[in-house]
Amino acid sequence: MASCADILRSEFPDLDGELFAYVTGILHGSGADFESVEELEEAVGELLREVSQDSKDDGAIREICQRLFNTLQLDEGQAQRCSQVLLDAPIQLSQMTDGHGDASADLLPGLLLKRGQTSMVNAKKLEKAEARLKAKQDKRLERDSLKSSSPVVLEEASASQASSKKETRMESSGKNKSYDVHIENFDVSFGERVLLTGADLNLAFGRRYGLVGRNGLGKTTLLKMIASQSLRIPSHISILHVEQEVAGDDTPALQSVLECDTTRESLLQEEKDLTAKISAGRGEGTEGARLSEIYAKLEEIEADKAPARASVILAGLGFNAKMQQQTTKPDLLLLDEPTNMLDVRAILWLESYLQTWQSTILVVSHDRNFLNAVATDIIHLHSQRLDMYRGDFENFIKTKEERLKNQQREYEAQQQYREHIQVFIDRFRYNANRASQVQSKIKLLEKLPVLKPVDKESEVIIRFPDGFEKFSPPVLQLDEVDFYYEPSHYIFHSLSVSADLESRICVVGENGAGKSTMLKILMGELAPVRGIRHAHRNLKIGYFSQHHVDQLDLNISAVELLARKFPGKTEEEYRHQLGRYGVSGELAVRPVASLSGGQKSRVAFAQMTMSCPNFYILDEPTNHLDMETIEALAKALNTFRGGIVLVSHDERFIRLVCHELWVCENATVTRIEGGFDQYRDILKEQFRKEGFL
């Protein structure tokens, strides 16, 4: 192979002696320090570009640098092989270590030299080189640790709204007693990104609105802006906001529900403070009147019945056995993905419960069946605006398609009309006899409303890699498995299930019945107390957790996340992998913490499929995903050539993907032959027996 000097002479024949000596000196003197082609190009690339006098482009210079780098790497390898010497006598390292301790390490270089041979290494230069290398490594470690440990400063959401003098007068006079919500001409931004502009939101009291739209467009942000009253809401309207993600702590479930009623909590806290003030003798004389007002307000909102109402909610969601009578509710209930983390039984109860809700509901959900059961209207967030539709989700789909067709027809008809008029104008523009007609046509064009073509949303496409060899069953099997955390409480007893590469299995059951535990036993993360887990030697499992955020480092970007998990690939390869799941462009380099819930799920999918598994175990994969992505996920799983076991509460997704239904209950798993319809009927019958319906 040609040396660096040969490459330089052949590529740059006009290179003068001094420059030639300078470049070769850099290459041979610092060759061992170049860790990549980029570092070598940074050292000599600019000089080579000047020497070439623009006869070689950047690509050609980079190719030459690549050849030089490869030659240096080869020379270094040969030098290492040539440095091996034949010793004059065997060395007993154990004896040497016993005799000298740690100092023996300093004896090795001398022992490895033959008699009469002296070291050619300059000790001072070696010391400096080692110091430079250590400084470089320390700098990299410090940079990585700072990036991972320093908290990410996230952008904040903001809202602005055009003022209305009429509304201001009504609010100040106290005459506005309507419980309808009208928020007109408002903007919402998240950092520098505009989410909504010039939008209007009108909520009629007593109706239930479903808010839908793609991931990352601002649905959760809009709810937060309403709940925080960053957008103007009449002060007499009480708001309850149930967020998408709530941090877990030691607060009892009943108390957590009660604390959501901020009005009740603030009144009780004020009553407690005033009573303590009077008891301590620090009263100012006005406390009695204020206490009377507080008691009247607490009586008005029936604060004493709040625990009973909270128990109703918890009972239906599976916390309690008995359901108690519910009474009053907030005027505006904001729900952000309420079905996430709920089991099918709890969702069916929640559907029935919300259908009897007397005040206004605004709910963000990507569960198609839930919206069909609950929503009376649909609000579609897209293109930085809100469009209103009457009816449930199925009616929204039909109406939207028809509306888009009409919009496209109107746009095309107007374009033809414009072209017809423009032809007349262009033909007679310089005809004096037609001047008045031309001016009339020009004014007509200016008065025409500006219609826009249909803004079609891009299709979501997900593909799971399946370039693996098929193998015959048994693939994954549990045989007579017992499992418990406490011997007094068995999670599973004599559990026997199996799956192969053709399996499309959905596991359902109440929360706490052991669905996620069974998935971890199948993966081998948990070992059975008794029984056997069989897994094929070629089995490669990809796992998606319902708490996928726990698996992600939120302080770095999605590209950096994949690079740390799967090092050795180019940035383009990481970006391509993320792009397969809709995380592309600027999203791929933003901190993961700033992504929406659905976008984080897509990053988790990209990470899960990077190693090309042949069997997927998915725990609530549809949580946070928008409907278009759920449909794409179902198609991807249907075309995947490997096996699938999943836990899901999304009825439509289950029907699209799964061929088998396993019910997890009573410390075992039962296969339901009649599929989801039979399981739904069983749950409804249970509700009737327990008095929930």
# chains A, B, ... in the order shown; residues from 1 in each chain; ligands from 1
call {"tool": "residues_around", "arguments": {"residues": "A:Gln437", "least_positions_apart": "4", "cutoff": "9 Å", "atoms": "only C-alpha atoms", "output": "list of chain:residue names"}}
result
A:Ile425, A:Phe428, A:Asn433, A:Lys441, A:Ile442
call {"tool": "write_last_selection", "arguments": {"atoms": "N, CA and C atoms", "output": "compact mmCIF listing (two decimals), in the first residue's frame"}}
result
# COMPACT_ATOMS: atom_id res chain seq x y z
N ILE A 425 -58.05 39.48 -18.86
CA ILE A 425 -57.22 40.64 -18.50
C ILE A 425 -55.95 40.68 -19.34
N PHE A 428 -56.74 41.72 -23.12
CA PHE A 428 -57.18 43.07 -23.47
C PHE A 428 -56.56 44.15 -22.57
N ASN A 433 -60.13 50.35 -25.92
CA ASN A 433 -61.59 50.20 -25.94
C ASN A 433 -62.10 49.30 -24.81
N LYS A 441 -62.59 43.75 -14.20
CA LYS A 441 -62.19 42.35 -13.94
C LYS A 441 -61.08 42.28 -12.87
N ILE A 442 -60.16 43.23 -12.91
CA ILE A 442 -59.07 43.26 -11.92
C ILE A 442 -59.65 43.46 -10.52
call {"tool": "residues_around", "arguments": {"residues": "stretch 623-625 of chain A", "least_positions_apart": "5", "cutoff": "10 Å", "atoms": "only C-alpha atoms", "output": "PyMOL selection string"}}
result
chain A and resi 214-215+244+336-337+339-341+365-367+546-548+596-602+630-631+633+648-650
call {"tool": "write_last_selection", "arguments": {"atoms": "N, CA and C atoms", "output": "CSV table (one decimal), in the first residue's frame"}}
result
chain,number,residue,atom,x,y,z
A,214,ARG,N,-53.1,15.3,16.0
A,214,ARG,CA,-51.9,14.6,16.0
A,214,ARG,C,-51.1,14.9,17.3
A,215,ASN,N,-50.1,14.0,17.6
A,215,ASN,CA,-49.2,14.1,18.7
A,215,ASN,C,-48.4,15.4,18.5
A,244,GLN,N,-52.6,14.3,32.4
A,244,GLN,CA,-52.2,13.0,31.7
A,244,GLN,C,-51.3,12.2,32.6
A,336,ASP,N,-57.4,14.7,30.5
A,336,ASP,CA,-56.3,14.5,29.5
A,336,ASP,C,-55.9,13.1,29.5
A,337,GLU,N,-56.3,12.4,28.5
A,337,GLU,CA,-56.1,10.9,28.3
A,337,GLU,C,-56.5,10.1,29.6
A,339,THR,N,-58.2,7.4,29.9
A,339,THR,CA,-58.2,6.0,29.8
A,339,THR,C,-56.8,5.4,29.9
A,340,ASN,N,-55.7,6.2,29.8
A,340,ASN,CA,-54.4,5.7,30.0
A,340,ASN,C,-54.2,5.0,31.4
A,341,MET,N,-53.6,3.9,31.4
A,341,MET,CA,-53.3,3.1,32.7
A,341,MET,C,-54.6,2.5,33.3
A,365,SER,N,-58.5,12.5,24.1
A,365,SER,CA,-58.4,11.0,24.1
A,365,SER,C,-58.1,10.5,22.7
A,366,HIS,N,-57.4,9.4,22.6
A,366,HIS,CA,-57.1,8.8,21.4
A,366,HIS,C,-57.7,7.4,21.3
A,367,ASP,N,-58.7,7.2,22.2
A,367,ASP,CA,-59.4,5.9,22.2
A,367,ASP,C,-60.7,6.1,21.5
A,546,GLN,N,-45.2,0.1,29.6
A,546,GLN,CA,-46.3,1.2,29.7
A,546,GLN,C,-45.7,2.4,30.4
A,547,HIS,N,-44.6,2.2,31.1
A,547,HIS,CA,-43.9,3.4,31.7
A,547,HIS,C,-42.6,3.6,30.9
A,548,HIS,N,-42.8,3.8,29.6
A,548,HIS,CA,-41.6,3.9,28.7
A,548,HIS,C,-40.7,5.1,29.1
A,596,SER,N,-43.8,15.5,23.3
A,596,SER,CA,-45.1,15.1,23.9
A,596,SER,C,-45.1,13.7,24.3
A,597,GLY,N,-46.1,13.2,25.0
A,597,GLY,CA,-46.2,11.8,25.4
A,597,GLY,C,-46.1,10.9,24.2
A,598,GLY,N,-46.9,11.2,23.1
A,598,GLY,CA,-46.9,10.3,21.9
A,598,GLY,C,-45.5,10.3,21.3
A,599,GLN,N,-44.8,11.4,21.2
A,599,GLN,CA,-43.5,11.5,20.6
A,599,GLN,C,-42.5,10.7,21.4
A,600,LYS,N,-42.6,10.7,22.7
A,600,LYS,CA,-41.7,9.9,23.6
A,600,LYS,C,-42.0,8.4,23.3
A,601,SER,N,-43.2,8.0,23.1
A,601,SER,CA,-43.5,6.6,22.8
A,601,SER,C,-42.9,6.2,21.5
A,602,ARG,N,-42.8,7.1,20.5
A,602,ARG,CA,-42.2,6.8,19.2
A,602,ARG,C,-40.7,6.6,19.4
A,630,ILE,N,-51.8,4.9,16.0
A,630,ILE,CA,-52.4,3.6,16.5
A,630,ILE,C,-52.7,2.8,15.3
A,631,GLU,N,-53.4,3.4,14.3
A,631,GLU,CA,-53.8,2.6,13.1
A,631,GLU,C,-52.5,2.1,12.4
A,633,LEU,N,-49.6,1.6,13.8
A,633,LEU,CA,-49.0,0.5,14.6
A,633,LEU,C,-49.7,-0.8,14.4
A,648,SER,N,-53.3,-4.4,26.4
A,648,SER,CA,-53.9,-3.2,25.9
A,648,SER,C,-55.4,-3.0,26.4
A,649,HIS,N,-55.8,-1.8,26.6
A,649,HIS,CA,-57.2,-1.5,26.9
A,649,HIS,C,-57.9,-0.9,25.8
A,650,ASP,N,-57.3,-0.7,24.6
A,650,ASP,CA,-57.9,-0.1,23.5
A,650,ASP,C,-58.6,-1.1,22.7
call {"tool": "residues_around", "arguments": {"residues": "A:Leu15", "least_positions_apart": "5", "cutoff": "8 Å", "atoms": "only C-alpha atoms", "output": "PDB file with all heavy atoms, in the first residue's frame"}}
result
ATOM      1  N   ARG A   9       2.377  13.047  -3.125  1.00  0.00           N
ATOM      2  CA  ARG A   9       3.052  13.357  -4.403  1.00  0.00           C
ATOM      3  C   ARG A   9       2.139  13.093  -5.592  1.00  0.00           C
ATOM      4  O   ARG A   9       2.148  13.842  -6.571  1.00  0.00           O
ATOM      5  CB  ARG A   9       4.322  12.501  -4.517  1.00  0.00           C
ATOM      6  CG  ARG A   9       5.459  12.954  -3.595  1.00  0.00           C
ATOM      7  CD  ARG A   9       6.779  12.314  -4.001  1.00  0.00           C
ATOM      8  NE  ARG A   9       7.827  12.577  -3.022  1.00  0.00           N
ATOM      9  CZ  ARG A   9       8.163  11.742  -2.043  1.00  0.00           C
ATOM     10  NH1 ARG A   9       7.535  10.576  -1.942  1.00  0.00           N
ATOM     11  NH2 ARG A   9       9.114  12.046  -1.183  1.00  0.00           N
ATOM     12  N   PHE A  20       5.522  20.193   1.655  1.00  0.00           N
ATOM     13  CA  PHE A  20       5.525  18.729   1.680  1.00  0.00           C
ATOM     14  C   PHE A  20       6.099  18.231   3.016  1.00  0.00           C
ATOM     15  O   PHE A  20       5.530  17.341   3.672  1.00  0.00           O
ATOM     16  CB  PHE A  20       6.339  18.190   0.503  1.00  0.00           C
ATOM     17  CG  PHE A  20       6.433  16.694   0.482  1.00  0.00           C
ATOM     18  CD1 PHE A  20       5.385  15.930  -0.012  1.00  0.00           C
ATOM     19  CD2 PHE A  20       7.560  16.040   0.959  1.00  0.00           C
ATOM     20  CE1 PHE A  20       5.462  14.547  -0.023  1.00  0.00           C
ATOM     21  CE2 PHE A  20       7.648  14.672   0.951  1.00  0.00           C
ATOM     22  CZ  PHE A  20       6.594  13.913   0.453  1.00  0.00           C
ATOM     23  N   VAL A  51      -3.574  24.296  -1.579  1.00  0.00           N
ATOM     24  CA  VAL A  51      -2.570  23.776  -2.518  1.00  0.00           C
ATOM     25  C   VAL A  51      -3.222  23.352  -3.832  1.00  0.00           C
ATOM     26  O   VAL A  51      -2.679  23.562  -4.922  1.00  0.00           O
ATOM     27  CB  VAL A  51      -1.812  22.588  -1.876  1.00  0.00           C
ATOM     28  CG1 VAL A  51      -0.938  21.889  -2.903  1.00  0.00           C
ATOM     29  CG2 VAL A  51      -0.974  23.078  -0.707  1.00  0.00           C
TER      30      VAL A  51
END
call {"tool": "residues_around", "arguments": {"residues": "stretch 570-584 of chain A", "least_positions_apart": "2", "cutoff": "12 Å", "atoms": "only C-alpha atoms", "output": "ChimeraX atom specification"}}
result
/A:214-216,458-465,557-568,586-590,592,595-596,598-612,625-626,628-630,632-633,636
call {"tool": "closest_residue", "arguments": {"among": "A:Ile644, A:Leu448, A:Ile532, A:Ile26", "to": "A:Ala499", "atoms": "only C-alpha atoms"}}
result
A:Ile644
call {"tool": "select_by_dssp", "arguments": {"residues": "stretch 344-405 of chain A", "states": "strand (DSSP E)", "output": "tab-separated table (two decimals) with all heavy atoms, in the first residue's frame"}}
result
chain	number	residue	atom	x	y	z
A	360	THR	N	-70.15	20.48	31.81
A	360	THR	CA	-69.38	20.44	30.56
A	360	THR	C	-68.11	19.60	30.73
A	360	THR	O	-67.45	19.68	31.76
A	360	THR	CB	-69.00	21.86	30.12
A	360	THR	OG1	-70.17	22.69	30.15
A	360	THR	CG2	-68.42	21.86	28.71
A	361	ILE	N	-67.79	18.83	29.70
A	361	ILE	CA	-66.56	18.04	29.68
A	361	ILE	C	-65.76	18.39	28.43
A	361	ILE	O	-66.32	18.48	27.34
A	361	ILE	CB	-66.86	16.52	29.67
A	361	ILE	CG1	-67.60	16.09	30.94
A	361	ILE	CG2	-65.56	15.71	29.54
A	361	ILE	CD1	-68.02	14.63	30.92
A	362	LEU	N	-64.45	18.57	28.60
A	362	LEU	CA	-63.52	18.67	27.48
A	362	LEU	C	-62.45	17.61	27.70
A	362	LEU	O	-61.68	17.69	28.66
A	362	LEU	CB	-62.89	20.07	27.41
A	362	LEU	CG	-61.85	20.29	26.29
A	362	LEU	CD1	-62.47	20.04	24.91
A	362	LEU	CD2	-61.27	21.71	26.35
A	363	VAL	N	-62.42	16.60	26.85
A	363	VAL	CA	-61.56	15.45	27.08
A	363	VAL	C	-60.64	15.23	25.89
A	363	VAL	O	-61.07	15.24	24.73
A	363	VAL	CB	-62.39	14.16	27.36
A	363	VAL	CG1	-63.41	13.89	26.28
A	363	VAL	CG2	-61.48	12.95	27.54
A	364	VAL	N	-59.34	15.07	26.18
A	364	VAL	CA	-58.37	14.65	25.17
A	364	VAL	C	-58.28	13.13	25.24
A	364	VAL	O	-58.00	12.57	26.30
A	364	VAL	CB	-56.98	15.27	25.42
A	364	VAL	CG1	-55.95	14.66	24.48
A	364	VAL	CG2	-57.03	16.77	25.25
A	377	ASP	N	-69.65	16.08	20.88
A	377	ASP	CA	-69.04	16.95	19.86
A	377	ASP	C	-67.56	16.62	19.79
A	377	ASP	O	-66.96	16.17	20.78
A	377	ASP	CB	-69.21	18.43	20.22
A	377	ASP	CG	-70.66	18.84	20.39
A	377	ASP	OD1	-71.22	18.60	21.49
A	377	ASP	OD2	-71.24	19.39	19.45
A	378	ILE	N	-66.96	16.89	18.64
A	378	ILE	CA	-65.53	16.69	18.44
A	378	ILE	C	-64.90	18.02	18.04
A	378	ILE	O	-65.42	18.74	17.17
A	378	ILE	CB	-65.24	15.63	17.36
A	378	ILE	CG1	-65.80	14.27	17.78
A	378	ILE	CG2	-63.73	15.53	17.09
A	378	ILE	CD1	-65.13	13.65	19.00
A	379	ILE	N	-63.76	18.35	18.69
A	379	ILE	CA	-62.97	19.52	18.32
A	379	ILE	C	-61.67	19.01	17.72
A	379	ILE	O	-60.92	18.28	18.38
A	379	ILE	CB	-62.68	20.41	19.54
A	379	ILE	CG1	-63.99	20.85	20.20
A	379	ILE	CG2	-61.84	21.62	19.14
A	379	ILE	CD1	-63.80	21.56	21.52
A	380	HIS	N	-61.40	19.39	16.48
A	380	HIS	CA	-60.21	18.90	15.76
A	380	HIS	C	-59.14	19.99	15.75
A	380	HIS	O	-59.35	21.07	15.18
A	380	HIS	CB	-60.60	18.52	14.32
A	380	HIS	CG	-59.48	17.92	13.54
A	380	HIS	ND1	-59.37	18.03	12.17
A	380	HIS	CD2	-58.40	17.20	13.94
A	380	HIS	CE1	-58.28	17.40	11.77
A	380	HIS	NE2	-57.68	16.89	12.83
A	381	LEU	N	-58.00	19.70	16.38
A	381	LEU	CA	-56.87	20.65	16.40
A	381	LEU	C	-55.93	20.29	15.25
A	381	LEU	O	-55.36	19.20	15.23
A	381	LEU	CB	-56.15	20.58	17.74
A	381	LEU	CG	-55.15	21.70	18.07
A	381	LEU	CD1	-54.86	21.73	19.57
A	381	LEU	CD2	-53.84	21.56	17.32
A	382	HIS	N	-55.77	21.19	14.31
A	382	HIS	CA	-54.85	20.99	13.19
A	382	HIS	C	-54.54	22.34	12.56
A	382	HIS	O	-55.31	23.30	12.68
A	382	HIS	CB	-55.45	20.04	12.14
A	382	HIS	CG	-56.59	20.66	11.37
A	382	HIS	ND1	-56.48	21.05	10.06
A	382	HIS	CD2	-57.85	20.97	11.75
A	382	HIS	CE1	-57.62	21.55	9.65
A	382	HIS	NE2	-58.48	21.52	10.66
A	385	ARG	N	-55.29	25.67	14.24
A	385	ARG	CA	-56.66	26.15	14.45
A	385	ARG	C	-57.52	25.02	15.02
A	385	ARG	O	-57.11	23.86	15.08
A	385	ARG	CB	-57.26	26.68	13.15
A	385	ARG	CG	-57.54	25.64	12.09
A	385	ARG	CD	-58.26	26.28	10.90
A	385	ARG	NE	-58.76	25.32	9.96
A	385	ARG	CZ	-58.12	24.93	8.87
A	385	ARG	NH1	-56.92	25.43	8.60
A	385	ARG	NH2	-58.66	24.06	8.04
A	386	LEU	N	-58.75	25.39	15.45
A	386	LEU	CA	-59.71	24.44	16.01
A	386	LEU	C	-60.95	24.40	15.15
A	386	LEU	O	-61.54	25.45	14.87
A	386	LEU	CB	-60.09	24.84	17.44
A	386	LEU	CG	-58.96	24.88	18.49
A	386	LEU	CD1	-59.47	25.50	19.78
A	386	LEU	CD2	-58.42	23.49	18.75
A	387	ASP	N	-61.35	23.21	14.72
A	387	ASP	CA	-62.58	23.03	13.94
A	387	ASP	C	-63.57	22.22	14.77
A	387	ASP	O	-63.20	21.21	15.38
A	387	ASP	CB	-62.30	22.31	12.63
A	387	ASP	CG	-61.53	23.17	11.64
A	387	ASP	OD1	-61.56	24.41	11.81
A	387	ASP	OD2	-60.91	22.63	10.71
A	388	MET	N	-64.84	22.66	14.78
A	388	MET	CA	-65.88	22.01	15.59
A	388	MET	C	-66.75	21.10	14.72
A	388	MET	O	-67.08	21.44	13.58
A	388	MET	CB	-66.77	23.07	16.25
A	388	MET	CG	-66.03	24.11	17.06
A	388	MET	SD	-65.47	23.49	18.65
A	388	MET	CE	-67.02	23.26	19.48
A	389	TYR	N	-67.11	19.95	15.27
A	389	TYR	CA	-67.97	18.99	14.58
A	389	TYR	C	-69.02	18.46	15.56
A	389	TYR	O	-68.68	18.10	16.70
A	389	TYR	CB	-67.17	17.80	14.04
A	389	TYR	CG	-66.18	18.15	12.96
A	389	TYR	CD1	-64.93	18.66	13.27
A	389	TYR	CD2	-66.49	17.96	11.62
A	389	TYR	CE1	-64.01	18.97	12.29
A	389	TYR	CE2	-65.58	18.27	10.62
A	389	TYR	CZ	-64.34	18.78	10.96
A	389	TYR	OH	-63.44	19.09	9.97
A	390	ARG	N	-70.26	18.39	15.14
A	390	ARG	CA	-71.32	17.80	15.95
A	390	ARG	C	-71.27	16.28	15.83
A	390	ARG	O	-70.97	15.74	14.78
A	390	ARG	CB	-72.69	18.29	15.49
A	390	ARG	CG	-73.02	19.69	15.96
A	390	ARG	CD	-73.62	19.66	17.35
A	390	ARG	NE	-74.10	20.96	17.78
A	390	ARG	CZ	-74.83	21.16	18.85
A	390	ARG	NH1	-75.16	20.12	19.62
A	390	ARG	NH2	-75.21	22.36	19.19
call {"tool": "atom_distance", "arguments": {"atom1": "atom CA of A:Glu401", "atom2": "atom CA of A:Asp455"}}
result
12.2 Å
call {"tool": "residues_around", "arguments": {"residues": "A:Asp479", "least_positions_apart": "6", "cutoff": "9 Å", "atoms": "only C-alpha atoms", "output": "ChimeraX atom specification"}}
result
/A:494-498,531-534
call {"tool": "closest_residue", "arguments": {"among": "A:Leu222, A:Ala535, A:Leu40, A:Ala513", "to": "A:Asp343", "atoms": "only C-alpha atoms"}}
result
A:Ala513
call {"tool": "closest_residue", "arguments": {"among": "A:Leu539, A:Arg67, A:Val507, A:Leu522", "to": "A:Ile672", "atoms": "only C-alpha atoms"}}
result
A:Val507
call {"tool": "select_by_dssp", "arguments": {"residues": "stretch 368-416 of chain A", "states": "alpha helix (DSSP H)", "output": "PyMOL selection string"}}
result
chain A and resi 368-374+393-416
call {"tool": "closest_residue", "arguments": {"among": "A:Tyr430, A:Phe69, A:Tyr353, A:Phe640", "to": "A:Glu35", "atoms": "only C-alpha atoms"}}
result
A:Phe69
call {"tool": "residues_around", "arguments": {"residues": "A:Arg409", "least_positions_apart": "5", "cutoff": "10 Å", "atoms": "only C-alpha atoms", "output": "ChimeraX atom specification"}}
result
/A:403-404,414-415,453-454
call {"tool": "write_last_selection", "arguments": {"atoms": "C-alpha atoms", "output": "JSON list (two decimals), in the first residue's frame"}}
result
[["chain", "number", "residue", "atom", "x", "y", "z"],
["A", 403, "ARG", "CA", -65.99, 18.87, 4.30],
["A", 404, "LEU", "CA", -62.52, 18.37, 2.80],
["A", 414, "GLN", "CA", -62.38, 29.23, -7.96],
["A", 415, "GLN", "CA", -58.97, 28.57, -9.51],
["A", 453, "PRO", "CA", -56.24, 23.99, -1.07],
["A", 454, "VAL", "CA", -56.89, 21.13, 1.33]]
call {"tool": "residues_around", "arguments": {"residues": "A:Arg680", "least_positions_apart": "5", "cutoff": "10 Å", "atoms": "only C-alpha atoms", "output": "list of chain:residue names"}}
result
A:Val344, A:Arg345, A:Leu348, A:Glu651, A:Gly675, A:Glu685, A:Gln686
call {"tool": "atom_distance", "arguments": {"atom1": "atom CA of A:Thr668", "atom2": "atom CA of A:Ile491"}}
result
8.0 Å
call {"tool": "atom_distance", "arguments": {"atom1": "atom CA of A:His241", "atom2": "atom CA of A:Phe396"}}
result
24.9 Å
call {"tool": "closest_residue", "arguments": {"among": "A:Leu217, A:Val423, A:Leu501, A:Ile239", "to": "A:Gly643", "atoms": "only C-alpha atoms"}}
result
A:Leu501
call {"tool": "decode", "arguments": {"residues": "stretch 4-10 of chain A", "atoms": "all heavy atoms", "output": "short mmCIF file (atom, residue, chain, number, x, y, z; two decimals), in the first residue's frame"}}
result
data_model
loop_
_atom_site.label_atom_id
_atom_site.label_comp_id
_atom_site.auth_asym_id
_atom_site.auth_seq_id
_atom_site.Cartn_x
_atom_site.Cartn_y
_atom_site.Cartn_z
N CYS A 4 2.02 7.69 3.02
CA CYS A 4 1.42 9.03 3.01
C CYS A 4 2.16 9.94 2.03
O CYS A 4 1.54 10.75 1.32
CB CYS A 4 1.46 9.63 4.42
SG CYS A 4 0.36 8.80 5.57
N ALA A 5 3.51 9.82 1.97
CA ALA A 5 4.30 10.65 1.06
C ALA A 5 3.92 10.35 -0.39
O ALA A 5 3.78 11.28 -1.21
CB ALA A 5 5.78 10.40 1.28
N ASP A 6 3.75 9.06 -0.75
CA ASP A 6 3.37 8.69 -2.12
C ASP A 6 2.00 9.27 -2.48
O ASP A 6 1.80 9.76 -3.61
CB ASP A 6 3.33 7.17 -2.26
CG ASP A 6 4.73 6.55 -2.10
OD1 ASP A 6 5.71 7.27 -2.34
OD2 ASP A 6 4.81 5.37 -1.72
N ILE A 7 1.06 9.21 -1.54
CA ILE A 7 -0.29 9.75 -1.80
C ILE A 7 -0.22 11.25 -2.06
O ILE A 7 -0.84 11.77 -3.00
CB ILE A 7 -1.22 9.44 -0.61
CG1 ILE A 7 -1.45 7.93 -0.49
CG2 ILE A 7 -2.56 10.16 -0.77
CD1 ILE A 7 -2.20 7.52 0.78
N LEU A 8 0.54 11.96 -1.24
CA LEU A 8 0.64 13.42 -1.40
C LEU A 8 1.30 13.78 -2.74
O LEU A 8 0.86 14.72 -3.42
CB LEU A 8 1.44 14.02 -0.25
CG LEU A 8 0.74 14.01 1.13
CD1 LEU A 8 1.70 14.44 2.22
CD2 LEU A 8 -0.46 14.95 1.11
N ARG A 9 2.38 13.05 -3.12
CA ARG A 9 3.05 13.36 -4.40
C ARG A 9 2.14 13.09 -5.59
O ARG A 9 2.15 13.84 -6.57
CB ARG A 9 4.32 12.50 -4.52
CG ARG A 9 5.46 12.95 -3.60
CD ARG A 9 6.78 12.31 -4.00
NE ARG A 9 7.83 12.58 -3.02
CZ ARG A 9 8.16 11.74 -2.04
NH1 ARG A 9 7.54 10.58 -1.94
NH2 ARG A 9 9.11 12.05 -1.18
N SER A 10 1.35 11.98 -5.53
CA SER A 10 0.50 11.65 -6.68
C SER A 10 -0.69 12.61 -6.81
O SER A 10 -1.11 12.94 -7.92
CB SER A 10 -0.01 10.21 -6.55
OG SER A 10 -0.82 10.08 -5.39
#
